[in-house]
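Undergrad: Sharing upload-v5.cif (mmCIF, C-alpha atoms) below.
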```
data_my_file
loop_
_atom_site.label_atom_id
_atom_site.label_comp_id
_atom_site.auth_asym_id
_atom_site.auth_seq_id
_atom_site.Cartn_x
_atom_site.Cartn_y
_atom_site.Cartn_z
CA MET A 139 60.46 -101.66 -32.34
CA PRO A 140 64.06 -100.83 -33.15
CA VAL A 141 66.67 -102.59 -31.04
CA VAL A 142 70.05 -100.94 -30.61
CA GLU A 143 73.08 -102.48 -28.94
CA HIS A 144 76.44 -100.93 -28.23
CA ALA A 145 79.40 -101.72 -26.00
CA VAL A 146 81.63 -99.41 -23.99
CA VAL A 147 84.56 -99.94 -21.63
CA ILE A 148 84.42 -98.35 -18.18
CA THR A 149 87.33 -95.93 -17.80
CA ASN A 150 86.55 -94.10 -14.56
CA THR A 151 88.67 -95.41 -11.71
CA ILE A 152 85.95 -96.49 -9.29
CA GLY A 153 83.73 -98.11 -11.92
CA LEU A 154 79.99 -98.47 -11.39
CA HIS A 155 79.90 -97.50 -7.74
CA ALA A 156 76.95 -95.76 -6.14
CA ARG A 157 77.22 -92.30 -7.70
CA PRO A 158 78.07 -93.35 -11.26
CA ALA A 159 75.41 -96.08 -11.08
CA ALA A 160 72.83 -93.54 -9.91
CA LEU A 161 73.74 -91.23 -12.79
CA LEU A 162 73.40 -94.11 -15.24
CA VAL A 163 69.94 -95.00 -13.90
CA GLN A 164 68.84 -91.37 -14.02
CA GLU A 165 70.10 -91.00 -17.60
CA ALA A 166 68.37 -94.23 -18.67
CA ALA A 167 65.11 -93.00 -17.17
CA ARG A 168 65.04 -90.02 -19.55
CA PHE A 169 64.10 -92.37 -22.38
CA GLN A 170 61.05 -94.46 -23.16
CA ALA A 171 63.06 -97.38 -24.47
CA ARG A 172 63.47 -100.53 -22.41
CA ILE A 173 67.19 -100.61 -21.66
CA GLN A 174 69.26 -103.52 -20.46
CA VAL A 175 72.88 -103.30 -19.43
CA ARG A 176 75.09 -106.35 -19.55
CA SER A 177 78.43 -107.01 -17.89
CA GLY A 178 79.83 -110.46 -18.58
CA GLU A 179 77.20 -113.00 -17.57
CA LYS A 180 75.08 -110.51 -15.64
CA THR A 181 72.27 -108.39 -17.06
CA ALA A 182 70.36 -105.60 -15.35
CA ASN A 183 67.51 -103.27 -16.13
CA ALA A 184 69.27 -99.92 -16.60
CA ARG A 185 66.50 -98.21 -14.59
CA SER A 186 67.17 -100.30 -11.48
CA LEU A 187 69.88 -98.96 -9.18
CA VAL A 188 70.13 -102.24 -7.26
CA GLY A 189 70.36 -104.17 -10.53
CA VAL A 190 73.08 -101.90 -11.89
CA LEU A 191 75.06 -101.99 -8.64
CA LYS A 192 74.85 -105.78 -8.53
CA LEU A 193 76.70 -105.93 -11.84
CA GLY A 194 79.75 -105.03 -9.77
CA ALA A 195 81.34 -103.53 -12.86
CA GLY A 196 84.74 -101.98 -12.22
CA LEU A 197 87.41 -100.17 -14.21
CA GLY A 198 88.12 -101.89 -17.51
CA THR A 199 84.83 -103.79 -17.59
CA THR A 200 82.93 -103.84 -20.87
CA LEU A 201 79.29 -102.80 -20.56
CA VAL A 202 76.85 -103.65 -23.33
CA PHE A 203 73.75 -101.48 -23.55
CA GLN A 204 70.77 -102.87 -25.39
CA ALA A 205 67.70 -100.71 -25.88
CA GLU A 206 64.38 -101.43 -27.46
CA GLY A 207 61.92 -98.70 -28.38
CA ASP A 208 61.45 -95.65 -30.57
CA ASP A 209 64.22 -93.70 -28.86
CA ALA A 210 66.55 -96.70 -28.46
CA ALA A 211 69.34 -95.16 -30.54
CA GLU A 212 69.33 -91.89 -28.59
CA ALA A 213 69.19 -93.78 -25.29
CA VAL A 214 72.18 -95.99 -26.07
CA GLN A 215 74.10 -93.01 -27.42
CA ALA A 216 73.46 -91.00 -24.25
CA LEU A 217 74.49 -93.86 -21.96
CA ILE A 218 77.65 -94.59 -23.93
CA ALA A 219 78.52 -90.89 -23.78
CA LEU A 220 78.00 -90.85 -20.00
CA VAL A 221 80.36 -93.80 -19.50
CA GLU A 222 82.91 -92.37 -21.95
CA ARG A 223 83.05 -89.03 -20.16
CA LYS A 224 83.68 -90.93 -16.91
CA PHE A 225 80.34 -89.94 -15.40
CA ASP A 226 81.61 -86.33 -15.22
CA GLU A 227 83.64 -87.28 -12.18
CA GLU A 228 87.24 -87.18 -13.30
CA MET B 35 56.15 -84.57 -7.80
CA THR B 36 58.06 -87.61 -6.67
CA VAL B 37 57.81 -90.03 -3.76
CA SER B 38 59.22 -88.31 -0.68
CA LEU B 39 61.40 -89.86 2.00
CA VAL B 40 61.53 -89.57 5.78
CA VAL B 41 64.71 -90.81 7.46
CA VAL B 42 64.08 -91.93 11.04
CA SER B 43 66.99 -92.58 13.35
CA HIS B 44 67.66 -92.68 17.05
CA SER B 45 70.37 -90.12 16.38
CA ALA B 46 69.60 -86.71 14.85
CA LYS B 47 73.08 -86.62 13.32
CA LEU B 48 72.63 -90.00 11.71
CA ALA B 49 69.24 -89.04 10.26
CA GLU B 50 70.68 -85.80 8.89
CA GLY B 51 73.74 -87.50 7.45
CA VAL B 52 71.75 -90.18 5.67
CA SER B 53 69.37 -87.52 4.33
CA GLU B 54 72.32 -85.52 3.05
CA LEU B 55 73.82 -88.53 1.29
CA ALA B 56 70.53 -89.64 -0.25
CA GLY B 57 69.75 -86.06 -1.26
CA GLN B 58 72.98 -85.75 -3.17
CA MET B 59 72.16 -88.90 -5.14
CA ALA B 60 68.72 -87.53 -6.03
CA HIS B 61 70.10 -84.15 -7.23
CA GLY B 62 67.43 -82.23 -5.37
CA LYS B 63 64.56 -83.96 -7.18
CA VAL B 64 63.27 -85.74 -4.07
CA ALA B 65 61.98 -84.20 -0.84
CA ILE B 66 63.79 -85.83 2.07
CA ALA B 67 63.24 -85.02 5.74
CA ALA B 68 65.30 -86.19 8.70
CA ALA B 69 63.55 -87.22 11.92
CA GLY B 70 66.23 -88.19 14.39
CA GLY B 71 66.47 -88.13 18.15
CA THR B 72 63.90 -87.13 20.75
CA ALA B 73 62.11 -83.79 21.04
CA GLU B 74 64.59 -82.96 23.84
CA GLY B 75 67.51 -83.53 21.49
CA GLU B 76 68.55 -86.82 23.04
CA LEU B 77 69.09 -90.23 21.50
CA GLY B 78 65.81 -91.96 20.75
CA THR B 79 62.82 -91.53 18.50
CA SER B 80 59.97 -89.07 18.68
CA VAL B 81 56.48 -89.45 17.24
CA GLU B 82 56.25 -85.65 17.04
CA ARG B 83 59.48 -85.34 15.08
CA ILE B 84 58.46 -88.05 12.64
CA LEU B 85 55.03 -86.49 12.23
CA GLU B 86 56.62 -83.10 11.58
CA ALA B 87 58.88 -84.66 8.94
CA LEU B 88 55.92 -86.39 7.29
CA ARG B 89 54.10 -83.05 7.07
CA GLN B 90 57.18 -81.29 5.78
CA VAL B 91 57.64 -83.58 2.77
CA ALA B 92 53.99 -84.62 2.22
CA SER B 93 53.60 -85.69 -1.39
CA PRO B 94 50.58 -86.79 -3.45
CA ASP B 95 52.81 -89.59 -4.73
CA GLY B 96 53.34 -90.91 -1.21
CA THR B 97 56.13 -91.12 1.30
CA LEU B 98 58.55 -93.88 2.23
CA ILE B 99 59.89 -94.01 5.78
CA LEU B 100 63.30 -95.57 6.39
CA LEU B 101 64.40 -96.60 9.87
CA ASP B 102 67.75 -97.22 11.53
CA LEU B 103 66.61 -99.89 13.99
CA GLY B 104 63.50 -101.95 14.60
CA SER B 105 62.81 -100.12 17.83
CA ALA B 106 61.88 -97.08 15.75
CA VAL B 107 58.96 -98.92 14.19
CA MET B 108 56.44 -98.19 16.92
CA ALA B 109 57.05 -94.43 16.90
CA ALA B 110 56.93 -94.45 13.09
CA GLU B 111 53.64 -96.35 13.07
CA MET B 112 52.09 -93.94 15.55
CA ALA B 113 53.22 -90.95 13.50
CA VAL B 114 51.88 -92.52 10.30
CA GLU B 115 48.55 -93.20 11.96
CA GLN B 116 48.19 -89.59 13.08
CA PHE B 117 49.39 -88.26 9.73
CA THR B 118 47.04 -90.36 7.60
CA GLN B 119 44.07 -89.47 9.81
CA LEU B 120 44.44 -85.87 8.68
CA GLN B 121 45.81 -86.32 5.17
CA ASP B 122 44.72 -88.72 2.48
CA GLN B 123 48.24 -89.66 1.49
CA ARG B 124 50.01 -92.96 1.41
CA VAL B 125 52.95 -93.71 3.68
CA THR B 126 54.92 -96.95 3.68
CA ILE B 127 57.42 -98.01 6.34
CA SER B 128 60.40 -99.73 4.77
CA PRO B 129 62.26 -102.70 6.29
CA ALA B 130 65.34 -101.82 4.20
CA PRO B 131 68.79 -101.20 5.69
CA LEU B 132 68.96 -97.45 6.35
CA VAL B 133 71.87 -96.20 4.26
CA GLU B 134 71.54 -98.47 1.25
CA GLY B 135 67.77 -98.24 1.38
CA ALA B 136 67.72 -94.44 1.51
CA ILE B 137 70.15 -94.10 -1.39
CA VAL B 138 68.33 -96.62 -3.57
CA ALA B 139 64.96 -95.07 -2.69
CA ALA B 140 66.20 -91.56 -3.47
CA VAL B 141 67.49 -92.57 -6.90
CA GLU B 142 64.43 -94.66 -7.75
CA SER B 143 62.17 -91.80 -6.68
CA SER B 144 64.21 -89.26 -8.65
CA ILE B 145 63.33 -91.05 -11.90
CA GLY B 146 59.62 -90.81 -11.19
CA ASN B 147 58.89 -94.32 -9.95
CA THR B 148 55.79 -95.05 -7.85
CA LEU B 149 55.75 -95.61 -4.09
CA GLU B 150 55.43 -99.37 -4.64
CA GLU B 151 58.40 -99.39 -7.02
CA VAL B 152 60.52 -97.23 -4.72
CA ALA B 153 59.65 -99.41 -1.70
CA ASP B 154 60.43 -102.62 -3.64
CA ALA B 155 63.75 -101.25 -4.81
CA ALA B 156 64.68 -100.19 -1.27
CA ASN B 157 63.86 -103.70 0.00
CA ASN B 158 66.19 -105.15 -2.59
CA ALA B 159 68.98 -102.90 -1.31
CA MET B 160 69.67 -105.54 1.33
CA LEU B 161 70.83 -107.83 -1.48
CA LEU B 162 73.65 -105.48 -2.43
CA PRO B 163 77.02 -107.00 -1.67
CA LYS B 164 79.24 -104.64 0.30
CA LEU B 165 82.34 -106.51 -0.76
CA GLN B 166 82.68 -107.59 -4.36
CA SER B 167 83.63 -111.25 -4.41
#
```
What is this structure when it is put down as C-alpha coordinates?
TA:
Amino acid sequence: MPVVEHAVVITNTIGLHARPAALLVQEAARFQARIQVRSGEKTANARSLVGVLKLGAGLGTTLVFQAEGDDAAEAVQALIALVERKFDEE
Amino acid sequence: MTVSLVVVSHSAKLAEGVSELAGQMAHGKVAIAAAGGTAEGELGTSVERILEALRQVASPDGTLILLDLGSAVMAAEMAVEQFTQLQDQRVTISPAPLVEGAIVAAVESSIGNTLEEVADAANNAMLLPKLQS
(Lines of atoms letter the chains of each structure in order from A and count residues from 1; the text may use other names and numbers.)
(Lines give C-alpha, C1' and ligand atoms only; values in the text may rest on other atoms or scores of the structure.)
Protein backbone atom coordinates (compact mmCIF):
# COMPACT_ATOMS: atom_id res chain seq x y z
CA MET A 1 0.00 0.00 0.00
CA PRO A 2 1.40 3.39 -0.91
CA VAL A 3 2.05 5.73 2.00
CA VAL A 4 2.02 9.46 1.36
CA GLU A 5 2.98 12.17 3.83
CA HIS A 6 2.81 15.91 3.45
CA ALA A 7 2.91 18.90 5.77
CA VAL A 8 0.94 22.14 5.67
CA VAL A 9 0.77 25.21 7.89
CA ILE A 10 -2.63 26.37 9.14
CA THR A 11 -3.30 29.89 7.86
CA ASN A 12 -6.95 30.48 8.75
CA THR A 13 -7.27 32.68 11.81
CA ILE A 14 -9.28 30.39 14.07
CA GLY A 15 -7.32 27.24 13.26
CA LEU A 16 -8.87 23.79 13.62
CA HIS A 17 -12.01 24.85 15.46
CA ALA A 18 -15.31 23.04 15.10
CA ARG A 19 -16.30 24.00 11.56
CA PRO A 20 -12.89 23.65 9.91
CA ALA A 21 -12.33 20.39 11.80
CA ALA A 22 -15.68 19.07 10.61
CA LEU A 23 -14.81 19.97 7.02
CA LEU A 24 -11.47 18.19 7.36
CA VAL A 25 -13.15 15.03 8.69
CA GLN A 26 -15.75 15.12 5.92
CA GLU A 27 -13.06 15.59 3.26
CA ALA A 28 -10.96 12.74 4.72
CA ALA A 29 -13.99 10.46 4.64
CA ARG A 30 -14.25 10.78 0.85
CA PHE A 31 -11.21 8.53 0.51
CA GLN A 32 -10.54 4.89 1.25
CA ALA A 33 -7.05 5.53 2.57
CA ARG A 34 -6.34 5.40 6.29
CA ILE A 35 -5.39 8.98 7.13
CA GLN A 36 -3.61 10.26 10.19
CA VAL A 37 -3.07 13.89 11.00
CA ARG A 38 -0.25 14.96 13.26
CA SER A 39 0.30 18.21 15.13
CA GLY A 40 3.45 18.27 17.22
CA GLU A 41 3.34 15.28 19.55
CA LYS A 42 -0.33 14.54 18.96
CA THR A 43 -1.75 12.29 16.25
CA ALA A 44 -5.39 11.79 15.31
CA ASN A 45 -7.39 9.70 12.90
CA ALA A 46 -8.48 12.26 10.29
CA ARG A 47 -11.97 10.70 10.27
CA SER A 48 -12.54 11.38 13.96
CA LEU A 49 -13.92 14.83 14.79
CA VAL A 50 -13.09 14.47 18.49
CA GLY A 51 -9.57 13.33 17.62
CA VAL A 52 -9.02 16.23 15.24
CA LEU A 53 -10.43 18.78 17.71
CA LYS A 54 -8.23 17.43 20.48
CA LEU A 55 -5.17 18.33 18.42
CA GLY A 56 -5.98 21.90 19.43
CA ALA A 57 -4.20 23.13 16.32
CA GLY A 58 -4.32 26.89 15.89
CA LEU A 59 -3.08 29.47 13.41
CA GLY A 60 0.53 28.83 12.40
CA THR A 61 0.52 25.19 13.47
CA THR A 62 2.06 22.67 11.10
CA LEU A 63 -0.18 19.71 10.31
CA VAL A 64 1.31 16.56 8.83
CA PHE A 65 -1.06 14.32 6.90
CA GLN A 66 -0.08 10.72 6.41
CA ALA A 67 -2.25 8.46 4.31
CA GLU A 68 -1.98 4.80 3.50
CA GLY A 69 -3.99 3.18 0.73
CA ASP A 70 -4.58 3.19 -3.01
CA ASP A 71 -5.91 6.75 -3.02
CA ALA A 72 -3.43 8.05 -0.43
CA ALA A 73 -1.91 10.63 -2.78
CA GLU A 74 -5.29 12.08 -3.78
CA ALA A 75 -6.41 12.12 -0.14
CA VAL A 76 -3.37 14.02 1.11
CA GLN A 77 -3.57 16.41 -1.83
CA ALA A 78 -7.23 17.16 -1.12
CA LEU A 79 -6.63 17.75 2.60
CA ILE A 80 -3.62 19.98 1.98
CA ALA A 81 -5.70 21.97 -0.51
CA LEU A 82 -8.51 22.37 2.05
CA VAL A 83 -6.11 23.74 4.67
CA GLU A 84 -4.36 25.97 2.13
CA ARG A 85 -7.61 27.56 0.99
CA LYS A 86 -8.41 28.29 4.65
CA PHE A 87 -11.33 25.86 4.75
CA ASP A 88 -13.23 28.20 2.37
CA GLU A 89 -13.93 30.47 5.31
CA GLU A 90 -11.86 33.57 4.71
CA MET B 1 -29.06 6.96 4.47
CA THR B 2 -27.21 8.03 7.57
CA VAL B 3 -27.78 7.71 11.30
CA SER B 4 -30.42 10.25 12.31
CA LEU B 5 -30.46 12.39 15.43
CA VAL B 6 -33.17 13.46 17.86
CA VAL B 7 -32.34 16.39 20.13
CA VAL B 8 -34.32 16.28 23.37
CA SER B 9 -34.39 19.29 25.65
CA HIS B 10 -36.60 20.73 28.34
CA SER B 11 -36.71 23.87 26.22
CA ALA B 12 -38.09 23.87 22.67
CA LYS B 13 -35.78 26.76 21.79
CA LEU B 14 -32.73 24.92 23.06
CA ALA B 15 -33.63 21.76 21.12
CA GLU B 16 -34.17 23.79 17.95
CA GLY B 17 -30.96 25.75 18.39
CA VAL B 18 -28.84 22.67 18.94
CA SER B 19 -30.48 21.00 15.93
CA GLU B 20 -29.74 24.05 13.82
CA LEU B 21 -26.09 24.10 14.86
CA ALA B 22 -25.59 20.37 14.36
CA GLY B 23 -27.43 20.53 11.03
CA GLN B 24 -25.08 23.17 9.71
CA MET B 25 -22.09 20.98 10.55
CA ALA B 26 -23.64 18.04 8.71
CA HIS B 27 -24.40 20.09 5.55
CA GLY B 28 -27.89 18.65 5.27
CA LYS B 29 -26.67 15.05 5.06
CA VAL B 30 -28.17 14.02 8.40
CA ALA B 31 -31.83 14.04 9.44
CA ILE B 32 -32.11 15.87 12.76
CA ALA B 33 -35.33 16.45 14.69
CA ALA B 34 -35.84 18.66 17.72
CA ALA B 35 -38.06 17.46 20.57
CA GLY B 36 -38.12 20.20 23.17
CA GLY B 37 -40.64 21.29 25.75
CA THR B 38 -44.01 19.83 26.66
CA ALA B 39 -46.98 19.29 24.35
CA GLU B 40 -48.47 22.47 25.87
CA GLY B 41 -45.39 24.46 24.85
CA GLU B 42 -44.01 24.74 28.35
CA LEU B 43 -40.62 23.82 29.76
CA GLY B 44 -40.28 20.09 30.26
CA THR B 45 -40.15 16.95 28.18
CA SER B 46 -42.88 15.13 26.34
CA VAL B 47 -42.99 11.46 25.37
CA GLU B 48 -45.31 12.39 22.48
CA ARG B 49 -42.94 15.02 21.13
CA ILE B 50 -39.97 12.67 21.31
CA LEU B 51 -41.97 9.90 19.66
CA GLU B 52 -43.03 12.27 16.90
CA ALA B 53 -39.40 13.27 16.35
CA LEU B 54 -38.32 9.63 16.22
CA ARG B 55 -40.94 8.94 13.56
CA GLN B 56 -39.99 12.04 11.61
CA VAL B 57 -36.33 11.05 11.20
CA ALA B 58 -36.69 7.24 11.31
CA SER B 59 -33.71 5.72 9.54
CA PRO B 60 -32.76 2.12 8.69
CA ASP B 61 -29.29 3.01 9.97
CA GLY B 62 -30.67 3.89 13.39
CA THR B 63 -31.20 6.98 15.48
CA LEU B 64 -29.19 8.56 18.27
CA ILE B 65 -31.03 10.57 20.92
CA LEU B 66 -29.17 13.37 22.70
CA LEU B 67 -30.48 14.86 25.93
CA ASP B 68 -29.96 18.13 27.77
CA LEU B 69 -30.41 16.81 31.31
CA GLY B 70 -30.72 13.43 32.99
CA SER B 71 -34.33 14.11 33.87
CA ALA B 72 -35.17 13.73 30.18
CA VAL B 73 -34.05 10.10 30.21
CA MET B 74 -37.34 8.63 31.40
CA ALA B 75 -39.44 10.35 28.73
CA ALA B 76 -36.87 9.37 26.10
CA GLU B 77 -36.91 5.74 27.22
CA MET B 78 -40.70 5.63 27.11
CA ALA B 79 -40.74 7.13 23.61
CA VAL B 80 -38.08 4.68 22.43
CA GLU B 81 -40.05 1.78 23.83
CA GLN B 82 -43.21 2.83 22.00
CA PHE B 83 -41.30 3.58 18.81
CA THR B 84 -39.43 0.27 18.67
CA GLN B 85 -42.62 -1.69 19.35
CA LEU B 86 -43.95 -0.48 16.02
CA GLN B 87 -40.75 -0.16 14.00
CA ASP B 88 -37.83 -2.53 13.77
CA GLN B 89 -35.23 0.20 14.01
CA ARG B 90 -32.45 0.79 16.45
CA VAL B 91 -32.42 3.78 18.76
CA THR B 92 -29.64 4.59 21.22
CA ILE B 93 -29.85 7.17 24.00
CA SER B 94 -26.57 9.03 24.36
CA PRO B 95 -25.05 10.16 27.67
CA ALA B 96 -23.00 12.80 25.81
CA PRO B 97 -23.09 16.51 26.64
CA LEU B 98 -25.82 17.99 24.43
CA VAL B 99 -24.07 20.59 22.28
CA GLU B 100 -20.72 18.89 21.79
CA GLY B 101 -22.39 15.51 21.46
CA ALA B 102 -24.86 16.68 18.82
CA ILE B 103 -22.17 18.36 16.73
CA VAL B 104 -19.80 15.41 16.90
CA ALA B 105 -22.65 12.98 16.16
CA ALA B 106 -23.84 15.04 13.19
CA VAL B 107 -20.37 15.13 11.62
CA GLU B 108 -19.66 11.46 12.32
CA SER B 109 -23.02 10.51 10.85
CA SER B 110 -22.49 12.74 7.81
CA ILE B 111 -19.49 10.63 6.78
CA GLY B 112 -21.53 7.44 6.84
CA ASN B 113 -20.47 5.95 10.16
CA THR B 114 -22.62 3.35 11.92
CA LEU B 115 -24.86 3.99 14.93
CA GLU B 116 -22.25 2.40 17.22
CA GLU B 117 -19.49 4.59 15.80
CA VAL B 118 -21.60 7.74 15.99
CA ALA B 119 -22.63 6.95 19.59
CA ASP B 120 -19.01 6.23 20.60
CA ALA B 121 -17.81 9.46 19.04
CA ALA B 122 -20.53 11.45 20.80
CA ASN B 123 -19.52 9.89 24.14
CA ASN B 124 -15.96 11.00 23.54
CA ALA B 125 -17.18 14.57 23.01
CA MET B 126 -17.07 14.98 26.78
CA LEU B 127 -13.28 14.69 26.56
CA LEU B 128 -13.03 17.81 24.42
CA PRO B 129 -11.32 20.62 26.27
CA LYS B 130 -13.30 23.85 26.10
CA LEU B 131 -10.23 25.88 26.92
CA GLN B 132 -6.97 25.04 25.22
CA SER B 133 -4.29 24.77 27.87
Undergrad: Need to verify the contact set: B:Val138, 9 Å, all atoms listed in the file, exclusion of same-chain residues closer than 5 positions in sequence. Can you return it as a VMD selection string?
TA: (chain A and resid 160 186 to 188) or (chain B and resid 56 59 133 143 152 155 to 156 158 to 159)
Undergrad: Give me, as an MDAnalysis selection string, the contact residues of chain A against chain B at a cut-off of 10 Å, counting all atoms listed in the file.
TA: chainID A and resid 156:161 163:168 185:189 191:196
Undergrad: What does the structure give for the distance between atom CA of B:Val37 and atom CA of B:Leu149, in Å to one decimal?
TA: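 Answer for the atom CA of B:Val37 to atom CA of B:Leu149 separation: 6.0 Å.
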Undergrad: I need every residue sitting at most 8 Å from the point (58.5, -91.9, 7.7) (coordinates as in the file, all atoms listed in the file considered), written as an MDAnalysis selection string.
TA: chainID B and resid 39:42 84:85 87:88 97:101 110 113:114 125:127
Undergrad: Please evaluate the PyMOL selection byres ((chain B and resi 83) around 8) against the displayed coordinates and give the resulting residues as a list in words.
TA: Ala69, Gly70, Thr72, Ala73, Thr79, Ser80, Val81, Glu82, Ile84, Leu85, Glu86 and Ala87 of chain B
Undergrad: Which one of B:Met108, B:Ala92, B:Ala68, B:Leu103 sits closest to B:Gln123 if you count all atoms listed in the file?
TA: B:Ala92
Undergrad: From the set B:Thr36, B:Glu111, B:Gly75, B:Ala67, which residue has the shortest atom-to-atom contact distance to B:Glu50, counting all atoms listed in the file?
TA: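 With all atoms listed in the file as the atom set, the closest residue is B:Ala67.
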Undergrad: Considering all atoms listed in the file, state which residue in the set A:Asn183, A:Ala210, A:Thr199, A:Ile173 is at the smallest distance from A:Val141.
TA: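 Among A:Asn183, A:Ala210, A:Thr199, A:Ile173, it is A:Ala210 that comes nearest to A:Val141.
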Undergrad: In Å, with one decimal, what is the gap from atom CA of A:Ala182 to atom CA of B:Pro129?
TA: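 Here the two named atoms are 23.3 Å from each other.
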Undergrad: Can you turn the PyMOL selection byres ((chain A and resi 212-219) around 9) into a concrete residue list for this file, as an MDAnalysis selection string?
TA: chainID A and resid 142:146 162 165:166 168:171 173 203:205 208:211 220:225
Undergrad: Please write out, as lines of an AutoDock Vina configuration file, where the centre of an axis-aligned box around all listed atoms of stretch 93-100 of chain B lies and how long its edges are, in Å to one decimal, after adding 3 Å on each side.
TA:
```
center_x = 56.9
center_y = -90.6
center_z = 0.8
size_x = 18.7
size_y = 15.9
size_z = 17.1
```
Undergrad: Figure out the distance between atom CA of A:Val190 and atom CA of B:Val107, please, to one decimal in Å.
TA: 29.8 Å
